[in-house]
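**Q** Take this structure, written in structure tokens, and hold onto it; I'll ask about it next.
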Amino acid sequence: MASLRSVALKAVSGESWSRIVPRARALIRVRAFSAIMSPPSKAVVYDHHGPPDSVTRVIELPPVQVNENDVCVKMLAAPINPSDINRIEGVYPVRPQVPAIGGYEGVGEVHSVGSAVKGLSPGDWVIRPSPPSSGTWQTYIVKDQSIWHKVVKDSPIEYAATITVNPLTALRMLEDFISLKSGDSIVQNGATSIVGQCIIQLARYRGIHSINIIRDRAGSDEVKEKLKNFGADEVLTESQLEVKNVKELLANLPEPVLGFNCVGGNAASLVLKFLRHEGTMVTYGGMSKKPITVSTSSFIFKDLSLRGFWLQRWMSADRAKECRSMVDYLLNLAREGKLKYEMELVPFENFHGALDKALGKLGSQPKQVLTF
């Protein structure tokens with residue numbers, strides 16, 4: 001007899017949820033008296049790629065069998081990240097085959113465990129710190145014990161739910177490209193993003209100065225104040241950098257040896273202008289969807305280096321143990337109040353409202369974190 005897992009596998013070959021769910025329910029009636037089953041689940045699904053507000057819908061999924069090495073987790077919280085939106089749109093380099101369940105990271109509580117599971121018990125809090133981590137926008141998840149990482153239960157729920165993408169990106173970029181020491185400086189655009197906010201705080205915690213570039217917009221003075229409260233040394237709008245020598249704006253700060261770019265276009269050029277001789281700019285995003293233009297003199301006379309960073313590639317390189325220790329380190333900083341960023345907790349029932357905010361339909365909004 002086909003198992004529930006074989007039914008789920010057929011989903012990734014192109015069948016729609018409307019055909020998968022009834023067949024799974026039929027199997028449940030046969031197995032209900034002989035196996036541990038998860039509770040029914042509600043999930044955000046999409047049958048094809050496209051605009052997230054058009055292709056996503058919330059459906060009910062039947063119970064799933066919990067095998068001997070499986071852990072059934074009741075999700076507690078999961079964010080809506082830009083990369084989640086890109087996956088649904090079909091523009092992200094790595095994405096689940098459709099039909100699929102949305103969401104990449106999150107935190108949950110162990111509901112039940114298979115007979116061979118060790119080290120996890122009902123009531124424990126867990127996250128999924130390494131790929132594959134898709135499908136977190138659902139109320140219950142059943143996966144092999146190897147993908148779950150136990151975290152301290154007194155962790156703030158919104159930080160436990162969001163720690164494995166943006167904060168981890170910030171940490172790796174600060175450590176992987178240049179050997180920074182206390183007193184050094186870094187420069188970045190996109191400083192108001194979650195990654196940008198984490199870079200500011202992690203840098204300050206290590207005695208590293210930060211120069212931060214933000215867009216010209218209403219309320220920029222308030223934004224500057226907020227970033228300086230996080231530990232930013234300098235916060236400058238793009239228009240303030242329309243000068244012949246931007247380095248005159250650094251006061252007593254040393255020239256940055258490392259820069260971060262998540263915008264592209266002119267904002268990337270501004271980062272390059274700040275870098276000292278033999279400096280490095282790391283690109284991890286392209287929000288403006290504009291190319292990076294580099295002058296010939298930047299290469300010949302300044303010998304600048306351009307690098308790229310993609311967290312999923314880093315995490316796929318057999319770094320599960322290293323990743324888990326870094327997650328614990330970052331969560332500890334969050335518990336101590338040394339790592340903060342703005343979020344809004346939204347009940348799962350209000351998913352489409354949260355999605356509209358994440359899509360920018362209502363202007364600049366905090367990161368949306370679904371609670372279950």
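Each chain in the structure tokens gets a letter, A, B, ..., in the order shown, and its residues are numbered from 1; ligands are numbered from 1 in order too.
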Against range 307-313 of chain A, which residues of range 177-230 of chain A fall within 12 Å? For each one I want the closest pair of atoms and the distance in Å (one decimal), counting only C-alpha atoms, rows by chain and increasing residue number, as a tab-separated table.
**A**
```
residue	atom	partner	partner_atom	distance
A:Phe177	CA	A:Arg307	CA	8.4
A:Ile178	CA	A:Arg307	CA	11.1
A:Val195	CA	A:Leu311	CA	11.8
```
**Q** For the residues in the current selection, export all heavy atoms as a compact mmCIF listing (two decimals), in the first residue's frame.
**A**
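That gives us part.txt:
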```txt
# COMPACT_ATOMS: atom_id res chain seq x y z
N PHE A 177 35.22 37.23 5.05
CA PHE A 177 35.92 37.86 3.93
C PHE A 177 37.19 38.61 4.33
O PHE A 177 38.19 38.55 3.63
CB PHE A 177 34.96 38.81 3.19
CG PHE A 177 33.80 38.10 2.59
CD1 PHE A 177 32.59 37.98 3.28
CD2 PHE A 177 33.90 37.50 1.35
CE1 PHE A 177 31.52 37.31 2.73
CE2 PHE A 177 32.84 36.81 0.78
CZ PHE A 177 31.65 36.72 1.49
N ILE A 178 37.13 39.33 5.41
CA ILE A 178 38.27 40.09 5.90
C ILE A 178 38.43 39.78 7.39
O ILE A 178 37.44 39.68 8.12
CB ILE A 178 38.05 41.61 5.72
CG1 ILE A 178 37.93 41.96 4.23
CG2 ILE A 178 39.18 42.42 6.36
CD1 ILE A 178 39.20 41.83 3.44
N VAL A 195 19.24 42.60 8.00
CA VAL A 195 20.67 42.26 7.93
C VAL A 195 21.50 43.48 8.29
O VAL A 195 22.47 43.39 9.07
CB VAL A 195 21.05 41.76 6.53
CG1 VAL A 195 22.56 41.57 6.42
CG2 VAL A 195 20.35 40.43 6.23
```
**Q** Based on the backbone DSSP call, show me all residues of range 118-290 of chain A assigned helix (DSSP H, G or I), as a PyMOL selection string.
**A** chain A and resi 145-147+157-162+166-176+194-205+220-230+238-241+246-250+265-274
**Q** Between A:Ile163, A:Ile59, A:Ile85, A:Gly106, which residue has the minimum interatomic distance to Tyr329 in chain A, considering only C-alpha atoms?
**A**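 Residue with the minimum atom-to-atom distance to Tyr329 in chain A: A:Ile163.
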**Q** Select, from A:Val45, A:Cys323, A:Leu331, A:Val235, the residue with the minimum atom-to-atom distance to Pro96 in chain A, counting only C-alpha atoms.
**A**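 Among A:Val45, A:Cys323, A:Leu331, A:Val235, it is A:Val45 that comes nearest to Pro96 in chain A.
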**Q** I'd like the contact shell of Val187 in chain A - 12 Å cut-off, only C-alpha atoms, skipping same-chain residues fewer than 5 positions apart - returned as a VMD selection string.
**A** chain A and resid 174 196 199 to 200 203 208 to 214 232 to 236 246 to 247 250 253 to 262 267 to 276 279 to 282
**Q** Per DSSP on the backbone, what are the strand (DSSP E) residues of range 141-193 of chain A, as a list in words?
**A**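 Written out, the strand (DSSP E) residues of range 141-193 of chain A are Ile141, Val142, Lys143, Asp144, His149, Lys150, Val151, Ser185, Ile186, Val187 and Gln188 of chain A.
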**Q** Fewer than 3 positions away in the same chain doesn't count, so skip those; otherwise give me all residues within 8 Å of His48 in chain A, counting only C-alpha atoms, as a short mmCIF file (atom, residue, chain, number, x, y, z; two decimals) with N, CA and C atoms, in the first residue's frame.
**A**
```cif
data_model
loop_
_atom_site.label_atom_id
_atom_site.label_comp_id
_atom_site.auth_asym_id
_atom_site.auth_seq_id
_atom_site.Cartn_x
_atom_site.Cartn_y
_atom_site.Cartn_z
N VAL A 55 -1.36 33.74 -5.94
CA VAL A 55 -1.22 32.28 -6.07
C VAL A 55 -1.28 31.54 -4.74
N ILE A 88 8.17 32.05 -4.16
CA ILE A 88 6.80 31.90 -4.67
C ILE A 88 6.70 32.49 -6.07
N VAL A 98 6.62 22.90 -7.30
CA VAL A 98 5.21 23.11 -6.99
C VAL A 98 4.41 21.84 -7.30
N PRO A 99 3.30 21.63 -6.58
CA PRO A 99 2.77 22.47 -5.51
C PRO A 99 3.66 22.43 -4.26
#
```
**Q** Which neighbours of Asp356 in chain A fall inside 12 Å, counting only C-alpha atoms, when residues of the same chain fewer than 3 positions from it are skipped, and could you give them as a list in words?
**A** Pro51, Pro52, Asp53, Ser54, Thr56, Ile80, Ile85, Asn350, Phe351, His352, Gly353, Leu359, Gly360, Lys361, Leu362, Gly363, Ser364, Gln365, Lys367 and Gln368 of chain A
**Q** Please determine, counting only C-alpha atoms, which residue among A:Gln138, A:Ser239, A:Asn332, A:Ser121 has the shortest atom-to-atom distance to Val152 in chain A.
**A**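 Among A:Gln138, A:Ser239, A:Asn332, A:Ser121, it is A:Asn332 that comes nearest to Val152 in chain A.
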**Q** Provide the CA of Gly219 in chain A to CA of Arg206 in chain A distance in Å, to one decimal place.
**A**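 CA of Arg206 in chain A lies 29.4 Å from CA of Gly219 in chain A.
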**Q** Could you tell me how far CA of Asp84 in chain A sits from CA of Ala320 in chain A, in Å to one decimal place?
**A**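 If I compute the distance from CA of Ala320 in chain A to CA of Asp84 in chain A, I get 21.4 Å.
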**Q** Would you please work out which residue, of A:Gly102, A:Pro79, A:Pro129, A:Gly108, is nearest to Ser316 in chain A when using only C-alpha atoms?
**A**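 Selected residue with least distance to Ser316 in chain A: A:Pro129.
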**Q** Measuring atom to atom with only C-alpha atoms, identify which of A:Val294, A:Leu304, A:Leu171, A:Ala251 is nearest to Met326 in chain A.
**A** A:Leu171
**Q** At a cut-off of 12 Å, using only C-alpha atoms, what residues contact Glu322 in chain A? Leave out same-chain residues fewer than 5 positions from it and give the result as a list in words.
**A**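 The residues satisfying every condition are Pro129, Ser130, Leu168, Arg172, Trp314, Met315, Ser316, Ala317, Val327, Asp328 and Tyr329 of chain A.
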**Q** Counting only C-alpha atoms, which of A:Ser146, A:Asn266, A:Asn229, A:Ser155 gets nearest to Val71 in chain A?
**A**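 Checking each candidate against Val71 in chain A, we get A:Ser146 as the closest.
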**Q** CA of Asn81 in chain A and CA of Val110 in chain A are how many Å apart?
**A** 23.7 Å
**Q** Would you kindly return, as a PDB file with N, CA, C and O atoms, in the first residue's frame, each protein, DNA or RNA residue with an atom no farther than 12 Å from any atom of Ile101 in chain A, considering only C-alpha atoms and excluding same-chain residues fewer than 5 positions away?
**A**
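Okay, this is what ended up in around_19.pdb:
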```pdb
ATOM      1  N   ALA A   8       2.807  12.429  -0.647  1.00  0.00           N
ATOM      2  CA  ALA A   8       3.423  13.754  -0.610  1.00  0.00           C
ATOM      3  C   ALA A   8       4.463  13.905  -1.707  1.00  0.00           C
ATOM      4  O   ALA A   8       4.595  14.961  -2.318  1.00  0.00           O
ATOM      5  N   ALA A  11       3.232  14.937  -4.928  1.00  0.00           N
ATOM      6  CA  ALA A  11       2.874  16.352  -5.006  1.00  0.00           C
ATOM      7  C   ALA A  11       3.931  17.147  -5.749  1.00  0.00           C
ATOM      8  O   ALA A  11       3.614  18.066  -6.492  1.00  0.00           O
ATOM      9  N   VAL A  12       5.205  16.796  -5.544  1.00  0.00           N
ATOM     10  CA  VAL A  12       6.254  17.584  -6.165  1.00  0.00           C
ATOM     11  C   VAL A  12       6.403  17.270  -7.645  1.00  0.00           C
ATOM     12  O   VAL A  12       7.163  17.913  -8.339  1.00  0.00           O
ATOM     13  N   SER A  16      -1.865  18.828  -8.168  1.00  0.00           N
ATOM     14  CA  SER A  16      -2.349  19.928  -7.341  1.00  0.00           C
ATOM     15  C   SER A  16      -2.800  19.391  -5.991  1.00  0.00           C
ATOM     16  O   SER A  16      -3.081  18.202  -5.821  1.00  0.00           O
ATOM     17  N   TRP A  17      -2.889  20.321  -5.017  1.00  0.00           N
ATOM     18  CA  TRP A  17      -3.335  19.942  -3.679  1.00  0.00           C
ATOM     19  C   TRP A  17      -4.748  19.380  -3.697  1.00  0.00           C
ATOM     20  O   TRP A  17      -5.100  18.522  -2.882  1.00  0.00           O
ATOM     21  N   SER A  41      -3.438  19.798   9.749  1.00  0.00           N
ATOM     22  CA  SER A  41      -2.664  21.037   9.676  1.00  0.00           C
ATOM     23  C   SER A  41      -3.302  22.021   8.711  1.00  0.00           C
ATOM     24  O   SER A  41      -3.956  21.621   7.743  1.00  0.00           O
ATOM     25  N   LYS A  42      -3.127  23.295   8.995  1.00  0.00           N
ATOM     26  CA  LYS A  42      -3.468  24.341   8.032  1.00  0.00           C
ATOM     27  C   LYS A  42      -2.170  24.861   7.440  1.00  0.00           C
ATOM     28  O   LYS A  42      -1.174  25.032   8.159  1.00  0.00           O
ATOM     29  N   ALA A  43      -2.169  25.136   6.146  1.00  0.00           N
ATOM     30  CA  ALA A  43      -0.932  25.525   5.476  1.00  0.00           C
ATOM     31  C   ALA A  43      -1.202  26.543   4.374  1.00  0.00           C
ATOM     32  O   ALA A  43      -2.282  26.558   3.775  1.00  0.00           O
ATOM     33  N   VAL A  44      -0.190  27.386   4.142  1.00  0.00           N
ATOM     34  CA  VAL A  44      -0.215  28.298   2.993  1.00  0.00           C
ATOM     35  C   VAL A  44       0.444  27.572   1.832  1.00  0.00           C
ATOM     36  O   VAL A  44       1.625  27.228   1.904  1.00  0.00           O
ATOM     37  N   VAL A  45      -0.310  27.340   0.771  1.00  0.00           N
ATOM     38  CA  VAL A  45       0.201  26.575  -0.368  1.00  0.00           C
ATOM     39  C   VAL A  45       0.092  27.389  -1.647  1.00  0.00           C
ATOM     40  O   VAL A  45      -0.653  28.376  -1.726  1.00  0.00           O
ATOM     41  N   TYR A  46       0.855  26.966  -2.637  1.00  0.00           N
ATOM     42  CA  TYR A  46       0.725  27.527  -3.978  1.00  0.00           C
ATOM     43  C   TYR A  46       0.973  26.415  -4.987  1.00  0.00           C
ATOM     44  O   TYR A  46       1.873  25.603  -4.836  1.00  0.00           O
ATOM     45  N   ASP A  47       0.124  26.369  -6.010  1.00  0.00           N
ATOM     46  CA  ASP A  47       0.196  25.317  -7.028  1.00  0.00           C
ATOM     47  C   ASP A  47       1.092  25.692  -8.193  1.00  0.00           C
ATOM     48  O   ASP A  47       1.498  24.828  -8.970  1.00  0.00           O
ATOM     49  N   HIS A  48       1.375  26.974  -8.353  1.00  0.00           N
ATOM     50  CA  HIS A  48       2.265  27.432  -9.418  1.00  0.00           C
ATOM     51  C   HIS A  48       2.903  28.742  -8.992  1.00  0.00           C
ATOM     52  O   HIS A  48       2.446  29.394  -8.051  1.00  0.00           O
ATOM     53  N   HIS A  49       3.978  29.108  -9.661  1.00  0.00           N
ATOM     54  CA  HIS A  49       4.678  30.344  -9.332  1.00  0.00           C
ATOM     55  C   HIS A  49       3.933  31.547  -9.894  1.00  0.00           C
ATOM     56  O   HIS A  49       3.256  31.470 -10.913  1.00  0.00           O
ATOM     57  N   PRO A  52       2.652  36.456  -5.171  1.00  0.00           N
ATOM     58  CA  PRO A  52       2.253  35.753  -3.945  1.00  0.00           C
ATOM     59  C   PRO A  52       0.832  36.053  -3.489  1.00  0.00           C
ATOM     60  O   PRO A  52       0.145  35.166  -2.958  1.00  0.00           O
ATOM     61  N   VAL A  55      -1.358  33.736  -5.938  1.00  0.00           N
ATOM     62  CA  VAL A  55      -1.221  32.279  -6.069  1.00  0.00           C
ATOM     63  C   VAL A  55      -1.281  31.536  -4.741  1.00  0.00           C
ATOM     64  O   VAL A  55      -1.441  30.308  -4.729  1.00  0.00           O
ATOM     65  N   THR A  56      -1.153  32.247  -3.609  1.00  0.00           N
ATOM     66  CA  THR A  56      -1.170  31.547  -2.318  1.00  0.00           C
ATOM     67  C   THR A  56      -2.588  31.428  -1.779  1.00  0.00           C
ATOM     68  O   THR A  56      -3.433  32.296  -2.008  1.00  0.00           O
ATOM     69  N   ARG A  57      -2.830  30.357  -1.046  1.00  0.00           N
ATOM     70  CA  ARG A  57      -4.120  30.163  -0.373  1.00  0.00           C
ATOM     71  C   ARG A  57      -3.883  29.289   0.849  1.00  0.00           C
ATOM     72  O   ARG A  57      -2.896  28.531   0.927  1.00  0.00           O
ATOM     73  N   VAL A  58      -4.766  29.395   1.811  1.00  0.00           N
ATOM     74  CA  VAL A  58      -4.683  28.601   3.038  1.00  0.00           C
ATOM     75  C   VAL A  58      -5.633  27.423   2.914  1.00  0.00           C
ATOM     76  O   VAL A  58      -6.830  27.602   2.630  1.00  0.00           O
ATOM     77  N   ILE A  59      -5.107  26.211   3.105  1.00  0.00           N
ATOM     78  CA  ILE A  59      -5.932  25.017   3.021  1.00  0.00           C
ATOM     79  C   ILE A  59      -5.701  24.151   4.251  1.00  0.00           C
ATOM     80  O   ILE A  59      -4.759  24.360   5.012  1.00  0.00           O
ATOM     81  N   GLU A  60      -6.565  23.170   4.433  1.00  0.00           N
ATOM     82  CA  GLU A  60      -6.397  22.181   5.503  1.00  0.00           C
ATOM     83  C   GLU A  60      -5.753  20.934   4.931  1.00  0.00           C
ATOM     84  O   GLU A  60      -6.167  20.428   3.889  1.00  0.00           O
ATOM     85  N   LEU A  61      -4.730  20.454   5.630  1.00  0.00           N
ATOM     86  CA  LEU A  61      -4.048  19.232   5.226  1.00  0.00           C
ATOM     87  C   LEU A  61      -4.365  18.116   6.213  1.00  0.00           C
ATOM     88  O   LEU A  61      -4.481  18.379   7.419  1.00  0.00           O
ATOM     89  N   ASP A  84      11.302  34.350   0.707  1.00  0.00           N
ATOM     90  CA  ASP A  84      10.077  33.552   0.603  1.00  0.00           C
ATOM     91  C   ASP A  84       9.227  34.040  -0.561  1.00  0.00           C
ATOM     92  O   ASP A  84       8.670  33.245  -1.328  1.00  0.00           O
ATOM     93  N   ARG A  87      10.774  33.017  -3.827  1.00  0.00           N
ATOM     94  CA  ARG A  87      10.547  31.602  -4.133  1.00  0.00           C
ATOM     95  C   ARG A  87       9.158  31.396  -4.733  1.00  0.00           C
ATOM     96  O   ARG A  87       8.985  30.631  -5.688  1.00  0.00           O
ATOM     97  N   ILE A  88       8.167  32.048  -4.155  1.00  0.00           N
ATOM     98  CA  ILE A  88       6.802  31.904  -4.665  1.00  0.00           C
ATOM     99  C   ILE A  88       6.696  32.486  -6.066  1.00  0.00           C
ATOM    100  O   ILE A  88       6.029  31.924  -6.948  1.00  0.00           O
ATOM    101  N   ARG A  95      14.369  26.733  -5.283  1.00  0.00           N
ATOM    102  CA  ARG A  95      13.001  26.828  -4.784  1.00  0.00           C
ATOM    103  C   ARG A  95      12.363  25.448  -4.846  1.00  0.00           C
ATOM    104  O   ARG A  95      12.740  24.607  -5.669  1.00  0.00           O
ATOM    105  N   PRO A  96      11.382  25.190  -3.970  1.00  0.00           N
ATOM    106  CA  PRO A  96      10.715  23.891  -4.005  1.00  0.00           C
ATOM    107  C   PRO A  96       9.882  23.742  -5.267  1.00  0.00           C
ATOM    108  O   PRO A  96       9.396  24.728  -5.835  1.00  0.00           O
ATOM    109  N   SER A 133      14.727  23.619   4.394  1.00  0.00           N
ATOM    110  CA  SER A 133      13.932  24.194   5.469  1.00  0.00           C
ATOM    111  C   SER A 133      12.642  24.839   4.973  1.00  0.00           C
ATOM    112  O   SER A 133      12.081  25.684   5.638  1.00  0.00           O
ATOM    113  N   SER A 134      12.201  24.480   3.791  1.00  0.00           N
ATOM    114  CA  SER A 134      10.992  25.094   3.269  1.00  0.00           C
ATOM    115  C   SER A 134       9.761  24.472   3.908  1.00  0.00           C
ATOM    116  O   SER A 134       9.794  23.380   4.467  1.00  0.00           O
ATOM    117  N   GLY A 135       8.644  25.186   3.831  1.00  0.00           N
ATOM    118  CA  GLY A 135       7.375  24.661   4.303  1.00  0.00           C
ATOM    119  C   GLY A 135       7.031  24.993   5.729  1.00  0.00           C
ATOM    120  O   GLY A 135       6.336  24.225   6.403  1.00  0.00           O
ATOM    121  N   THR A 136       7.476  26.146   6.236  1.00  0.00           N
ATOM    122  CA  THR A 136       7.226  26.492   7.643  1.00  0.00           C
ATOM    123  C   THR A 136       5.911  27.235   7.849  1.00  0.00           C
ATOM    124  O   THR A 136       5.535  27.475   8.989  1.00  0.00           O
ATOM    125  N   TRP A 137       5.224  27.604   6.778  1.00  0.00           N
ATOM    126  CA  TRP A 137       3.933  28.281   6.940  1.00  0.00           C
ATOM    127  C   TRP A 137       2.817  27.253   7.060  1.00  0.00           C
ATOM    128  O   TRP A 137       1.915  27.161   6.241  1.00  0.00           O
ATOM    129  N   GLN A 138       2.881  26.457   8.099  1.00  0.00           N
ATOM    130  CA  GLN A 138       1.834  25.476   8.378  1.00  0.00           C
ATOM    131  C   GLN A 138       1.813  25.204   9.875  1.00  0.00           C
ATOM    132  O   GLN A 138       2.800  25.437  10.572  1.00  0.00           O
ATOM    133  N   THR A 139       0.706  24.726  10.360  1.00  0.00           N
ATOM    134  CA  THR A 139       0.546  24.596  11.806  1.00  0.00           C
ATOM    135  C   THR A 139       1.286  23.393  12.378  1.00  0.00           C
ATOM    136  O   THR A 139       1.736  23.440  13.530  1.00  0.00           O
ATOM    137  N   TYR A 140       1.426  22.304  11.611  1.00  0.00           N
ATOM    138  CA  TYR A 140       2.178  21.136  12.068  1.00  0.00           C
ATOM    139  C   TYR A 140       3.104  20.665  10.949  1.00  0.00           C
ATOM    140  O   TYR A 140       2.724  20.663   9.775  1.00  0.00           O
ATOM    141  N   ILE A 141       4.320  20.259  11.336  1.00  0.00           N
ATOM    142  CA  ILE A 141       5.301  19.731  10.386  1.00  0.00           C
ATOM    143  C   ILE A 141       5.842  18.416  10.931  1.00  0.00           C
ATOM    144  O   ILE A 141       6.171  18.312  12.114  1.00  0.00           O
TER     145      ILE A 141
END
```
